[in-house]
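Here's the structure we're looking at; comments come further down.
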Amino acid sequence: MKNTLLGDDMKIKCRLKALLEERGIKSSFIAKKLGVTPQTVSSWSNNYHYIPMDKAYILAGLLGIKVDELYEVIEEDEK
C-alpha cells in the first residue's frame with residue numbers, strides 16, 4: 001500500500017534510544033515501569049516495532065515529553 005501521509009521516501013523513526021541516552025535512563029528501568037521485558041524496549045529503540053499507544057503515553061510521561069516527540073520523520077536514505 002502506498003504511503004500517502006509521509007510520501008514514498010519518508011519513514012518514521014523511534015527516538016527512544018537517543019532520549020534514554022540523553023537522560024541517562026536505563027532501558028531496564030523503562031521496561032520495569034512499563035511492565036515489559038528489556039528486549040521489548042530494545043526492539044522499540046532499534047525500530048523493529050512501534051511502541052503501543054498505551055505504553056507510549058506512559059513512556060512520554062516518564063521522559064517528560066509529548067508522545068509525538070518519541071518519533072521523528074526521516075527520509076529513507078537517512079536510515
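FYI, nothing fancy with the C-alpha cells labels: chains A, B, ... in order, residues from 1 per chain, ligands from 1 as they appear.
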*Identify, with DSSP run on backbone atoms, the residues in chain A assigned to alpha helix (DSSP H), and express the list as a VMD selection string.*
chain A and resid 16 to 23 27 to 34 38 to 45 53 to 63
Could you take the residues named above and write them with C-alpha atoms, as a PDB file, in the first residue's frame?
```
ATOM      1  CA  LEU A  16      13.811   6.242  22.233  1.00  0.00           C
ATOM      2  CA  LYS A  17      17.466   5.194  22.185  1.00  0.00           C
ATOM      3  CA  ALA A  18      18.678   8.804  21.920  1.00  0.00           C
ATOM      4  CA  LEU A  19      16.173  10.020  24.511  1.00  0.00           C
ATOM      5  CA  LEU A  20      17.294   7.404  27.044  1.00  0.00           C
ATOM      6  CA  GLU A  21      20.959   8.226  26.415  1.00  0.00           C
ATOM      7  CA  GLU A  22      20.342  11.977  26.777  1.00  0.00           C
ATOM      8  CA  ARG A  23      18.617  11.470  30.103  1.00  0.00           C
ATOM      9  CA  SER A  27      16.155   0.562  29.335  1.00  0.00           C
ATOM     10  CA  SER A  28      15.724  -1.912  32.207  1.00  0.00           C
ATOM     11  CA  PHE A  29      14.182   0.903  34.300  1.00  0.00           C
ATOM     12  CA  ILE A  30      11.768   1.728  31.475  1.00  0.00           C
ATOM     13  CA  ALA A  31      10.926  -1.949  30.988  1.00  0.00           C
ATOM     14  CA  LYS A  32      10.079  -2.338  34.676  1.00  0.00           C
ATOM     15  CA  LYS A  33       7.925   0.805  34.745  1.00  0.00           C
ATOM     16  CA  LEU A  34       6.011  -0.273  31.622  1.00  0.00           C
ATOM     17  CA  PRO A  38      14.111  -5.211  28.318  1.00  0.00           C
ATOM     18  CA  GLN A  39      14.082  -6.974  24.938  1.00  0.00           C
ATOM     19  CA  THR A  40      10.800  -5.251  24.116  1.00  0.00           C
ATOM     20  CA  VAL A  41      12.287  -1.846  24.921  1.00  0.00           C
ATOM     21  CA  SER A  42      15.280  -2.756  22.775  1.00  0.00           C
ATOM     22  CA  SER A  43      13.010  -3.658  19.847  1.00  0.00           C
ATOM     23  CA  TRP A  44      11.370  -0.237  20.123  1.00  0.00           C
ATOM     24  CA  SER A  45      14.731   1.530  20.426  1.00  0.00           C
ATOM     25  CA  MET A  53      -0.045   3.800  22.264  1.00  0.00           C
ATOM     26  CA  ASP A  54      -0.920   2.864  25.847  1.00  0.00           C
ATOM     27  CA  LYS A  55       2.786   2.383  26.608  1.00  0.00           C
ATOM     28  CA  ALA A  56       3.790   5.451  24.580  1.00  0.00           C
ATOM     29  CA  TYR A  57       1.754   7.770  26.818  1.00  0.00           C
ATOM     30  CA  ILE A  58       3.302   6.335  29.975  1.00  0.00           C
ATOM     31  CA  LEU A  59       6.778   6.419  28.423  1.00  0.00           C
ATOM     32  CA  ALA A  60       6.386  10.027  27.328  1.00  0.00           C
ATOM     33  CA  GLY A  61       5.367  10.934  30.872  1.00  0.00           C
ATOM     34  CA  LEU A  62       8.427   9.179  32.297  1.00  0.00           C
ATOM     35  CA  LEU A  63      10.667  11.072  29.878  1.00  0.00           C
TER      36      LEU A  63
END
```
*asked:* Just checking: using only C-alpha atoms, which residue out of A:Gly24, A:Leu70, A:Met10, A:Gly35 ends up closest to A:Ile51?
replied: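 Comparing A:Gly24, A:Leu70, A:Met10, A:Gly35 against A:Ile51, the winner is A:Leu70.
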_7 Å contact set for A:Val73, only C-alpha atoms, chain neighbours under 4 positions out, as a list in words_ = Met10, Lys11, Ile12 and Lys13 of chain A
*Give me, please, the distance in Å between atom CA of A:Asp9 and atom CA of A:Pro52, quoted to one decimal.*
24.0 Å
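The gap separating atom CA of A:Ile25 from atom CA of A:Glu76 is 28.6 Å, in Å to one decimal.
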